[in-house]
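> Got a structure for you, questions after.
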Amino acid sequence: MPAHGKGAHMSLKPVLDQIDSDLDAAMERLFDLLRIPSISTDPAFKGDVDRAADWLVSDLDSIGITATKRPTTGHPMVVGHVEGNGPHVLFYGHYDVQPVDPLELWDRDPFDPAIEETPKGRVIRARGASDDKGQLMTFVEACRAWKAVHGEMPCRITFFFEGEEESGSPSLIPFLKENADELKADIALICDTGLFESRAPAIMTQLRGLLGEEIVLTGPSKDLHSGMYGGAAMNPIRVMSRVLANLHDDTGRIQVPHFYDGVPDLPPEIKAQWDGLGFDYAGFLGDVGLSKPAGEQDHTALEMIWSRPTAEINGIKGGYTGDGFKTVLPSKVSAKVSFRLVGQQDPHALREHFREWVKTQLPEDVTAEFHAHGASPASQMSTDHPAFEQTRAVLGEEWGEEAAFTGCGGSIPVAGYFKTYLGLDTMLVGWGKDDDQIHSPNEKYDVESFHKGIRSWARILDAIR
(Lines give C-alpha, C1' and ligand atoms only; values in the text may rest on other atoms or scores of the structure.)
Protein backbone atom coordinates (compact mmCIF):
# COMPACT_ATOMS: atom_id res chain seq x y z
CA MET A 1 0.00 0.00 0.00
CA PRO A 2 1.30 3.50 -0.78
CA ALA A 3 2.67 5.51 2.14
CA HIS A 4 2.75 9.18 1.21
CA GLY A 5 2.53 12.21 3.48
CA LYS A 6 -0.20 12.69 6.08
CA GLY A 7 -2.49 10.12 4.47
CA ALA A 8 -0.10 7.26 5.10
CA HIS A 9 -1.98 6.14 8.23
CA MET A 10 -5.17 5.46 6.26
CA SER A 11 -5.71 1.79 5.54
CA LEU A 12 -7.61 0.52 2.50
CA LYS A 13 -9.09 -2.68 3.93
CA PRO A 14 -11.60 -1.08 6.33
CA VAL A 15 -12.74 1.15 3.46
CA LEU A 16 -13.47 -1.90 1.30
CA ASP A 17 -15.26 -3.53 4.24
CA GLN A 18 -17.37 -0.39 4.68
CA ILE A 19 -18.30 -0.45 0.98
CA ASP A 20 -19.41 -4.09 1.26
CA SER A 21 -21.53 -3.50 4.35
CA ASP A 22 -23.11 -0.32 2.96
CA LEU A 23 -23.99 -1.68 -0.51
CA ASP A 24 -27.76 -1.86 0.03
CA ALA A 25 -27.87 1.72 1.30
CA ALA A 26 -25.68 2.83 -1.62
CA MET A 27 -28.13 1.27 -4.07
CA GLU A 28 -31.03 3.05 -2.37
CA ARG A 29 -29.24 6.36 -2.79
CA LEU A 30 -28.67 5.55 -6.46
CA PHE A 31 -32.35 4.66 -6.82
CA ASP A 32 -33.31 8.08 -5.43
CA LEU A 33 -31.25 9.74 -8.17
CA LEU A 34 -32.53 7.38 -10.88
CA ARG A 35 -36.14 8.28 -10.01
CA ILE A 36 -35.54 11.85 -11.22
CA PRO A 37 -36.27 12.04 -15.00
CA SER A 38 -33.38 14.37 -15.83
CA ILE A 39 -33.79 14.32 -19.63
CA SER A 40 -31.71 17.28 -20.75
CA THR A 41 -32.73 17.43 -24.41
CA ASP A 42 -36.47 17.85 -23.73
CA PRO A 43 -37.51 21.28 -22.33
CA ALA A 44 -40.47 19.62 -20.59
CA PHE A 45 -37.99 18.07 -18.12
CA LYS A 46 -35.99 21.22 -17.32
CA GLY A 47 -37.32 21.27 -13.75
CA ASP A 48 -36.33 17.63 -13.27
CA VAL A 49 -32.79 18.26 -14.49
CA ASP A 50 -32.59 21.11 -11.99
CA ARG A 51 -33.94 18.82 -9.27
CA ALA A 52 -31.25 16.21 -10.02
CA ALA A 53 -28.58 18.88 -9.62
CA ASP A 54 -30.06 19.84 -6.24
CA TRP A 55 -30.06 16.17 -5.21
CA LEU A 56 -26.35 15.86 -6.01
CA VAL A 57 -25.49 19.04 -4.11
CA SER A 58 -27.34 17.70 -1.08
CA ASP A 59 -25.71 14.29 -1.32
CA LEU A 60 -22.20 15.75 -1.58
CA ASP A 61 -22.94 18.05 1.36
CA SER A 62 -23.97 15.01 3.41
CA ILE A 63 -20.41 13.65 3.26
CA GLY A 64 -18.70 16.93 3.99
CA ILE A 65 -18.07 18.10 0.45
CA THR A 66 -18.74 21.79 -0.12
CA ALA A 67 -20.90 21.76 -3.27
CA THR A 68 -22.89 24.31 -5.24
CA LYS A 69 -25.25 24.33 -8.20
CA ARG A 70 -23.90 26.63 -10.90
CA PRO A 71 -26.32 28.19 -13.40
CA THR A 72 -25.55 28.22 -17.12
CA THR A 73 -27.53 29.37 -20.15
CA GLY A 74 -28.85 25.80 -20.22
CA HIS A 75 -28.85 23.22 -17.44
CA PRO A 76 -26.78 23.69 -14.29
CA MET A 77 -23.37 22.31 -13.43
CA VAL A 78 -22.60 20.92 -9.97
CA VAL A 79 -19.16 21.68 -8.54
CA GLY A 80 -17.86 20.42 -5.20
CA HIS A 81 -14.53 20.65 -3.42
CA VAL A 82 -12.88 18.73 -0.64
CA GLU A 83 -9.42 19.47 0.68
CA GLY A 84 -6.82 16.79 1.25
CA ASN A 85 -3.17 15.87 0.98
CA GLY A 86 -1.41 14.46 -2.05
CA PRO A 87 -2.50 14.96 -5.66
CA HIS A 88 -5.51 17.01 -6.71
CA VAL A 89 -7.97 15.10 -8.93
CA LEU A 90 -10.94 16.41 -10.90
CA PHE A 91 -13.75 13.86 -11.19
CA TYR A 92 -16.29 14.37 -13.99
CA GLY A 93 -19.62 12.67 -14.58
CA HIS A 94 -22.97 13.67 -16.07
CA TYR A 95 -26.34 13.42 -14.35
CA ASP A 96 -28.60 14.00 -17.36
CA VAL A 97 -30.06 11.06 -19.28
CA GLN A 98 -31.35 10.16 -22.72
CA PRO A 99 -35.07 10.25 -23.59
CA VAL A 100 -36.87 6.95 -23.02
CA ASP A 101 -38.71 6.65 -26.35
CA PRO A 102 -40.10 4.29 -27.49
CA LEU A 103 -41.70 3.86 -24.08
CA GLU A 104 -43.71 0.80 -25.14
CA LEU A 105 -40.49 -1.22 -25.51
CA TRP A 106 -39.65 -0.86 -21.82
CA ASP A 107 -40.59 -3.75 -19.56
CA ARG A 108 -41.17 -1.36 -16.65
CA ASP A 109 -41.35 2.37 -15.90
CA PRO A 110 -37.85 3.66 -16.84
CA PHE A 111 -37.83 5.96 -13.81
CA ASP A 112 -38.98 3.35 -11.33
CA PRO A 113 -35.64 1.57 -10.69
CA ALA A 114 -35.59 -2.02 -9.51
CA ILE A 115 -33.23 -4.93 -8.99
CA GLU A 116 -33.91 -7.71 -11.47
CA GLU A 117 -32.59 -11.25 -11.53
CA THR A 118 -31.27 -12.24 -14.97
CA PRO A 119 -29.43 -15.33 -16.27
CA LYS A 120 -26.19 -13.31 -16.02
CA GLY A 121 -26.83 -12.00 -12.51
CA ARG A 122 -28.55 -9.16 -10.67
CA VAL A 123 -29.00 -5.89 -12.54
CA ILE A 124 -30.30 -2.41 -11.78
CA ARG A 125 -32.96 -1.61 -14.38
CA ALA A 126 -33.66 2.09 -15.10
CA ARG A 127 -32.85 4.92 -17.49
CA GLY A 128 -29.46 6.30 -16.49
CA ALA A 129 -28.49 3.23 -14.48
CA SER A 130 -25.33 2.80 -16.57
CA ASP A 131 -25.14 6.09 -18.48
CA ASP A 132 -24.13 7.82 -16.32
CA LYS A 133 -25.78 8.03 -12.89
CA GLY A 134 -24.68 4.58 -11.74
CA GLN A 135 -21.11 5.20 -12.90
CA LEU A 136 -21.01 8.68 -11.34
CA MET A 137 -22.22 7.34 -8.01
CA THR A 138 -19.53 4.65 -7.84
CA PHE A 139 -17.01 7.42 -7.29
CA VAL A 140 -19.20 9.31 -4.82
CA GLU A 141 -19.80 6.14 -2.82
CA ALA A 142 -16.08 5.37 -2.71
CA CYS A 143 -15.50 8.85 -1.26
CA ARG A 144 -18.34 8.32 1.22
CA ALA A 145 -16.69 5.14 2.47
CA TRP A 146 -13.29 6.83 2.86
CA LYS A 147 -14.92 9.63 4.88
CA ALA A 148 -16.92 7.20 7.05
CA VAL A 149 -13.85 5.15 7.95
CA HIS A 150 -11.09 7.76 8.18
CA GLY A 151 -12.95 11.03 8.64
CA GLU A 152 -11.23 12.55 5.62
CA MET A 153 -10.58 11.96 1.91
CA PRO A 154 -7.37 10.33 0.71
CA CYS A 155 -6.51 13.29 -1.54
CA ARG A 156 -7.79 16.66 -2.72
CA ILE A 157 -10.83 16.23 -4.97
CA THR A 158 -12.92 18.51 -7.16
CA PHE A 159 -16.28 17.08 -8.27
CA PHE A 160 -17.67 18.33 -11.58
CA PHE A 161 -21.07 17.06 -12.71
CA GLU A 162 -22.66 18.17 -16.00
CA GLY A 163 -26.37 18.29 -16.88
CA GLU A 164 -26.12 18.60 -20.68
CA GLU A 165 -23.90 15.76 -21.88
CA GLU A 166 -26.78 13.96 -23.60
CA SER A 167 -27.82 17.15 -25.44
CA GLY A 168 -24.49 18.22 -26.94
CA SER A 169 -22.93 20.05 -23.94
CA PRO A 170 -23.66 23.57 -25.24
CA SER A 171 -22.68 25.21 -21.93
CA LEU A 172 -19.57 23.12 -21.23
CA ILE A 173 -16.85 25.04 -23.08
CA PRO A 174 -18.01 28.47 -21.84
CA PHE A 175 -18.14 27.08 -18.29
CA LEU A 176 -14.64 25.60 -18.56
CA LYS A 177 -13.27 28.90 -19.87
CA GLU A 178 -14.95 30.96 -17.16
CA ASN A 179 -13.98 28.62 -14.30
CA ALA A 180 -10.63 27.26 -15.46
CA ASP A 181 -8.71 28.38 -12.38
CA GLU A 182 -11.20 26.71 -10.05
CA LEU A 183 -11.33 23.44 -12.00
CA LYS A 184 -7.63 22.94 -12.66
CA ALA A 185 -6.12 19.87 -11.00
CA ASP A 186 -3.27 17.40 -11.46
CA ILE A 187 -5.34 14.90 -13.43
CA ALA A 188 -8.97 14.41 -14.50
CA LEU A 189 -10.95 11.22 -13.92
CA ILE A 190 -14.01 10.24 -15.98
CA CYS A 191 -16.30 7.27 -15.31
CA ASP A 192 -18.37 7.01 -18.51
CA THR A 193 -16.78 3.99 -20.20
CA GLY A 194 -16.84 0.23 -19.77
CA LEU A 195 -15.05 -3.04 -19.24
CA PHE A 196 -13.28 -4.71 -22.14
CA GLU A 197 -15.61 -7.41 -23.50
CA SER A 198 -17.67 -6.97 -20.29
CA ARG A 199 -15.01 -8.74 -18.24
CA ALA A 200 -11.64 -6.99 -17.97
CA PRO A 201 -10.91 -3.51 -16.57
CA ALA A 202 -9.76 -0.99 -19.14
CA ILE A 203 -8.15 2.43 -18.92
CA MET A 204 -9.01 4.34 -22.07
CA THR A 205 -6.10 6.37 -23.38
CA GLN A 206 -7.11 6.98 -27.01
CA LEU A 207 -10.34 8.50 -28.31
CA ARG A 208 -10.94 9.00 -31.99
CA GLY A 209 -12.04 12.37 -33.36
CA LEU A 210 -14.84 12.84 -35.87
CA LEU A 211 -15.29 14.73 -39.13
CA GLY A 212 -18.52 14.74 -41.13
CA GLU A 213 -19.02 15.83 -44.74
CA GLU A 214 -22.02 15.79 -47.06
CA ILE A 215 -21.32 15.88 -50.81
CA VAL A 216 -23.97 17.03 -53.29
CA LEU A 217 -23.21 16.46 -56.99
CA THR A 218 -25.31 18.13 -59.68
CA GLY A 219 -25.34 17.07 -63.33
CA PRO A 220 -28.25 18.02 -65.61
CA SER A 221 -30.48 20.95 -64.66
CA LYS A 222 -33.45 18.61 -64.09
CA ASP A 223 -34.25 14.89 -63.85
CA LEU A 224 -34.12 13.24 -67.28
CA HIS A 225 -35.81 10.32 -69.04
CA SER A 226 -33.17 7.62 -69.43
CA GLY A 227 -34.55 6.55 -72.82
CA MET A 228 -34.19 10.02 -74.28
CA TYR A 229 -30.94 11.06 -72.56
CA GLY A 230 -29.29 7.84 -71.41
CA GLY A 231 -25.79 7.47 -72.81
CA ALA A 232 -25.48 11.10 -73.87
CA ALA A 233 -26.12 12.73 -70.50
CA MET A 234 -23.73 12.41 -67.57
CA ASN A 235 -25.45 10.68 -64.63
CA PRO A 236 -24.28 12.16 -61.29
CA ILE A 237 -24.96 8.85 -59.52
CA ARG A 238 -22.37 7.25 -61.78
CA VAL A 239 -19.86 9.96 -60.82
CA MET A 240 -20.66 9.69 -57.11
CA SER A 241 -20.29 5.91 -57.24
CA ARG A 242 -16.81 6.24 -58.73
CA VAL A 243 -15.73 8.87 -56.19
CA LEU A 244 -16.92 6.82 -53.23
CA ALA A 245 -15.40 3.62 -54.62
CA ASN A 246 -12.06 5.41 -54.85
CA LEU A 247 -12.01 6.20 -51.12
CA HIS A 248 -10.23 2.91 -50.35
CA ASP A 249 -7.77 0.74 -52.22
CA ASP A 250 -7.97 -3.06 -52.26
CA THR A 251 -6.14 -3.30 -48.92
CA GLY A 252 -8.47 -0.88 -47.11
CA ARG A 253 -6.05 2.05 -47.18
CA ILE A 254 -7.71 5.46 -47.59
CA GLN A 255 -6.75 7.32 -50.76
CA VAL A 256 -7.40 10.98 -49.88
CA PRO A 257 -4.08 12.88 -50.23
CA HIS A 258 -2.47 13.81 -46.89
CA PHE A 259 -5.05 11.70 -45.06
CA TYR A 260 -2.40 9.96 -42.95
CA ASP A 261 -0.60 13.16 -41.92
CA GLY A 262 -0.38 13.04 -38.13
CA VAL A 263 -1.32 9.36 -37.77
CA PRO A 264 1.10 7.81 -35.23
CA ASP A 265 2.41 4.28 -35.04
CA LEU A 266 1.07 2.29 -32.12
CA PRO A 267 3.72 2.07 -29.36
CA PRO A 268 5.03 -1.50 -29.05
CA GLU A 269 4.13 -1.77 -25.36
CA ILE A 270 0.51 -0.77 -26.06
CA LYS A 271 0.30 -3.16 -29.01
CA ALA A 272 1.57 -5.96 -26.74
CA GLN A 273 -1.15 -5.16 -24.17
CA TRP A 274 -3.84 -5.20 -26.85
CA ASP A 275 -2.60 -8.45 -28.37
CA GLY A 276 -2.71 -9.96 -24.88
CA LEU A 277 -6.39 -9.15 -24.47
CA GLY A 278 -7.33 -12.07 -26.71
CA PHE A 279 -9.97 -10.06 -28.61
CA ASP A 280 -12.40 -12.39 -30.36
CA TYR A 281 -12.84 -10.50 -33.62
CA ALA A 282 -14.61 -13.47 -35.21
CA GLY A 283 -17.26 -13.37 -32.48
CA PHE A 284 -17.38 -9.57 -32.58
CA LEU A 285 -18.12 -9.58 -36.31
CA GLY A 286 -20.10 -12.80 -36.22
CA ASP A 287 -22.63 -11.18 -33.87
CA VAL A 288 -23.62 -8.85 -36.72
CA GLY A 289 -23.46 -11.39 -39.53
CA LEU A 290 -19.93 -10.62 -40.75
CA SER A 291 -16.70 -12.59 -40.79
CA LYS A 292 -13.66 -10.63 -42.06
CA PRO A 293 -12.22 -7.28 -40.89
CA ALA A 294 -12.58 -4.80 -43.75
CA GLY A 295 -10.11 -2.08 -42.71
CA GLU A 296 -6.38 -1.73 -43.40
CA GLN A 297 -5.23 -5.30 -43.81
CA ASP A 298 -1.82 -4.75 -42.17
CA HIS A 299 -3.49 -4.00 -38.81
CA THR A 300 -5.41 -6.11 -36.33
CA ALA A 301 -9.14 -5.69 -35.80
CA LEU A 302 -8.58 -3.97 -32.43
CA GLU A 303 -6.13 -1.55 -34.02
CA MET A 304 -8.69 -0.81 -36.74
CA ILE A 305 -11.29 0.10 -34.10
CA TRP A 306 -9.12 1.90 -31.55
CA SER A 307 -6.03 3.42 -33.17
CA ARG A 308 -6.55 3.70 -36.93
CA PRO A 309 -8.45 6.39 -38.86
CA THR A 310 -11.45 5.53 -41.00
CA ALA A 311 -13.51 6.82 -43.91
CA GLU A 312 -17.06 5.50 -43.96
CA ILE A 313 -20.00 6.15 -46.28
CA ASN A 314 -23.04 6.64 -44.04
CA GLY A 315 -25.74 7.28 -46.61
CA ILE A 316 -26.45 7.88 -50.31
CA LYS A 317 -29.51 9.58 -51.78
CA GLY A 318 -30.40 10.15 -55.42
CA GLY A 319 -32.76 9.17 -58.22
CA TYR A 320 -35.87 7.11 -57.67
CA THR A 321 -35.80 4.78 -54.64
CA GLY A 322 -39.49 4.07 -54.11
CA ASP A 323 -41.46 0.92 -54.92
CA GLY A 324 -41.54 -0.22 -58.49
CA PHE A 325 -39.27 1.25 -61.13
CA LYS A 326 -38.68 4.65 -62.69
CA THR A 327 -36.16 5.09 -65.50
CA VAL A 328 -34.81 8.46 -64.45
CA LEU A 329 -31.43 10.13 -64.66
CA PRO A 330 -31.35 12.34 -61.56
CA SER A 331 -30.21 15.93 -61.51
CA LYS A 332 -28.63 15.57 -58.07
CA VAL A 333 -27.12 12.90 -55.82
CA SER A 334 -25.82 13.27 -52.28
CA ALA A 335 -23.68 11.18 -49.95
CA LYS A 336 -22.71 11.53 -46.31
CA VAL A 337 -19.16 10.52 -45.38
CA SER A 338 -17.67 10.43 -41.89
CA PHE A 339 -14.04 10.16 -40.84
CA ARG A 340 -12.84 8.86 -37.47
CA LEU A 341 -9.55 10.58 -36.69
CA VAL A 342 -6.53 9.61 -34.58
CA GLY A 343 -3.31 11.12 -33.33
CA GLN A 344 -2.63 14.62 -34.65
CA GLN A 345 -4.88 14.51 -37.71
CA ASP A 346 -6.24 18.00 -38.30
CA PRO A 347 -9.97 17.77 -39.08
CA HIS A 348 -10.08 21.20 -40.72
CA ALA A 349 -7.13 20.52 -43.01
CA LEU A 350 -8.52 17.09 -43.83
CA ARG A 351 -11.87 18.61 -44.79
CA GLU A 352 -10.12 20.75 -47.41
CA HIS A 353 -8.00 17.85 -48.70
CA PHE A 354 -11.13 15.72 -49.07
CA ARG A 355 -13.04 18.41 -50.94
CA GLU A 356 -10.17 19.02 -53.35
CA TRP A 357 -9.81 15.27 -53.89
CA VAL A 358 -13.49 14.99 -54.81
CA LYS A 359 -13.31 17.94 -57.20
CA THR A 360 -10.36 16.45 -59.12
CA GLN A 361 -12.54 13.47 -60.05
CA LEU A 362 -15.48 15.38 -61.49
CA PRO A 363 -16.16 15.44 -65.23
CA GLU A 364 -16.88 18.71 -67.00
CA ASP A 365 -20.67 18.65 -66.59
CA VAL A 366 -20.83 17.80 -62.87
CA THR A 367 -20.42 20.29 -60.03
CA ALA A 368 -20.03 19.71 -56.31
CA GLU A 369 -21.15 21.48 -53.18
CA PHE A 370 -20.21 20.47 -49.65
CA HIS A 371 -21.91 20.73 -46.27
CA ALA A 372 -19.85 20.42 -43.08
CA HIS A 373 -21.14 18.30 -40.19
CA GLY A 374 -18.81 18.73 -37.23
CA ALA A 375 -15.04 18.53 -36.81
CA SER A 376 -13.35 17.37 -33.60
CA PRO A 377 -9.77 16.10 -33.24
CA ALA A 378 -8.73 12.87 -31.57
CA SER A 379 -7.69 12.78 -27.92
CA GLN A 380 -4.48 11.02 -26.96
CA MET A 381 -3.90 10.70 -23.22
CA SER A 382 -0.35 10.83 -21.98
CA THR A 383 0.26 7.90 -19.65
CA ASP A 384 3.32 9.57 -18.11
CA HIS A 385 1.36 10.58 -15.02
CA PRO A 386 2.01 7.90 -12.36
CA ALA A 387 -1.73 7.52 -11.73
CA PHE A 388 -2.08 5.51 -14.95
CA GLU A 389 0.24 2.69 -13.97
CA GLN A 390 -0.88 2.82 -10.34
CA THR A 391 -4.48 2.40 -11.45
CA ARG A 392 -3.65 -0.39 -13.87
CA ALA A 393 -1.98 -2.34 -11.07
CA VAL A 394 -4.82 -2.13 -8.53
CA LEU A 395 -7.68 -2.80 -10.96
CA GLY A 396 -6.31 -6.25 -11.62
CA GLU A 397 -6.56 -6.99 -7.88
CA GLU A 398 -10.27 -6.13 -7.89
CA TRP A 399 -11.41 -7.75 -11.14
CA GLY A 400 -9.12 -10.77 -11.32
CA GLU A 401 -7.87 -9.83 -14.80
CA GLU A 402 -5.02 -7.50 -15.65
CA ALA A 403 -6.13 -4.05 -16.77
CA ALA A 404 -4.95 -2.68 -20.09
CA PHE A 405 -4.56 0.73 -21.69
CA THR A 406 -7.18 0.62 -24.43
CA GLY A 407 -8.58 2.81 -27.17
CA CYS A 408 -12.11 3.77 -28.05
CA GLY A 409 -13.63 3.79 -31.51
CA GLY A 410 -16.04 6.55 -30.54
CA SER A 411 -15.52 10.05 -29.23
CA ILE A 412 -15.83 11.54 -25.72
CA PRO A 413 -15.28 15.27 -26.40
CA VAL A 414 -15.04 16.34 -22.74
CA ALA A 415 -11.67 14.60 -22.40
CA GLY A 416 -10.29 16.72 -25.22
CA TYR A 417 -11.84 19.85 -23.74
CA PHE A 418 -10.11 19.19 -20.42
CA LYS A 419 -6.79 19.11 -22.26
CA THR A 420 -7.53 22.22 -24.32
CA TYR A 421 -9.06 24.45 -21.64
CA LEU A 422 -7.65 23.10 -18.37
CA GLY A 423 -4.37 21.56 -19.53
CA LEU A 424 -5.34 18.24 -17.93
CA ASP A 425 -4.69 14.70 -19.01
CA THR A 426 -7.70 12.49 -18.37
CA MET A 427 -7.92 8.92 -17.15
CA LEU A 428 -11.13 7.27 -18.38
CA VAL A 429 -12.16 4.25 -16.33
CA GLY A 430 -15.63 2.72 -16.23
CA TRP A 431 -17.51 -0.39 -15.25
CA GLY A 432 -20.24 -0.59 -17.92
CA LYS A 433 -20.86 -3.76 -19.90
CA ASP A 434 -21.54 -4.23 -23.60
CA ASP A 435 -25.14 -5.31 -22.96
CA ASP A 436 -26.11 -2.36 -20.72
CA GLN A 437 -28.40 -1.03 -23.49
CA ILE A 438 -27.47 2.58 -22.88
CA HIS A 439 -29.62 5.00 -24.94
CA SER A 440 -32.02 2.09 -25.57
CA PRO A 441 -35.10 0.68 -23.82
CA ASN A 442 -34.48 -1.44 -20.71
CA GLU A 443 -31.13 0.12 -19.85
CA LYS A 444 -29.42 -1.69 -16.97
CA TYR A 445 -26.29 -1.65 -14.82
CA ASP A 446 -25.03 -4.84 -13.22
CA VAL A 447 -25.01 -4.86 -9.43
CA GLU A 448 -21.53 -6.33 -9.77
CA SER A 449 -20.45 -3.30 -11.84
CA PHE A 450 -21.83 -0.93 -9.21
CA HIS A 451 -20.30 -2.81 -6.28
CA LYS A 452 -16.92 -3.53 -7.82
CA GLY A 453 -16.88 -0.05 -9.34
CA ILE A 454 -17.09 1.52 -5.88
CA ARG A 455 -14.37 -0.80 -4.59
CA SER A 456 -12.25 -0.03 -7.65
CA TRP A 457 -12.39 3.72 -7.07
CA ALA A 458 -11.47 3.16 -3.43
CA ARG A 459 -8.42 1.23 -4.60
CA ILE A 460 -7.52 3.89 -7.16
CA LEU A 461 -7.75 6.70 -4.60
CA ASP A 462 -5.57 4.66 -2.25
CA ALA A 463 -3.01 4.03 -5.00
CA ILE A 464 -2.65 7.59 -6.22
CA ARG A 465 -2.66 9.45 -2.89
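By convention in this document, the chains of the C-alpha coordinates carry letters A, B, ... by their order, each chain's residues are numbered from 1, and ligands are numbered from 1 in the order they are shown.
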Which polymer residues have any atom within 9 Å of an atom of A:Ile454, counting only C-alpha atoms, with same-chain residues fewer than 4 positions away left out, as a ChimeraX atom specification?

/A:16,19,135,137-143,449-450,458-459

> I want to know what sits within 10 Å of A:Leu172, based on only C-alpha atoms, with residues of the same chain fewer than 4 positions away left out; could you give that as a ChimeraX atom specification?

/A:72,74,77,162-165,168,176-178,414,417

> If you count only C-alpha atoms, which residues fall within 10 Å of A:Ile438, apart from same-chain ones fewer than 4 positions away, as JSON, numbers by chain?

{"A": [97, 98, 126, 127, 128, 129, 130, 131, 132, 432, 433, 434, 442, 443, 444, 445]}

> Which residue out of A:Leu56, A:Leu244, A:Ala463, A:Leu90 has the minimum interatomic distance to A:Glu397 when only C-alpha atoms are used?

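Ranked by minimum distance to A:Glu397, first place goes to A:Ala463.
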
> What's the 6 Å shell around stretch 209-222 of chain A, counting only C-alpha atoms, without same-chain residues fewer than 2 positions away, as a list in words?

Pro236, Ser331, Lys332, Val333, Ser334, Ala335, Lys336, Val337, Ser338, Phe339, Arg340, Leu341, Asp365, Val366, Thr367, Ala368, Glu369, Phe370, His371, Ala372, His373, Gly374, Ala375, Ser376, Pro377, Ala378 and Ser411 of chain A

> Got a sec to tell me which of stretch 213-461 of chain A DSSP assigns to helix (DSSP H, G or I), as a ChimeraX atom specification?

/A:226-229,236-245,268-275,281-286,301-306,347-359,386-399,413-422,447-461

> For a quick check of understanding, using only C-alpha atoms, which of A:Leu60, A:Ile464, A:Ala26, A:Ile187 has the smallest distance to A:His81?

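Between A:Leu60, A:Ile464, A:Ala26, A:Ile187, the residue approaching A:His81 most closely is A:Leu60.
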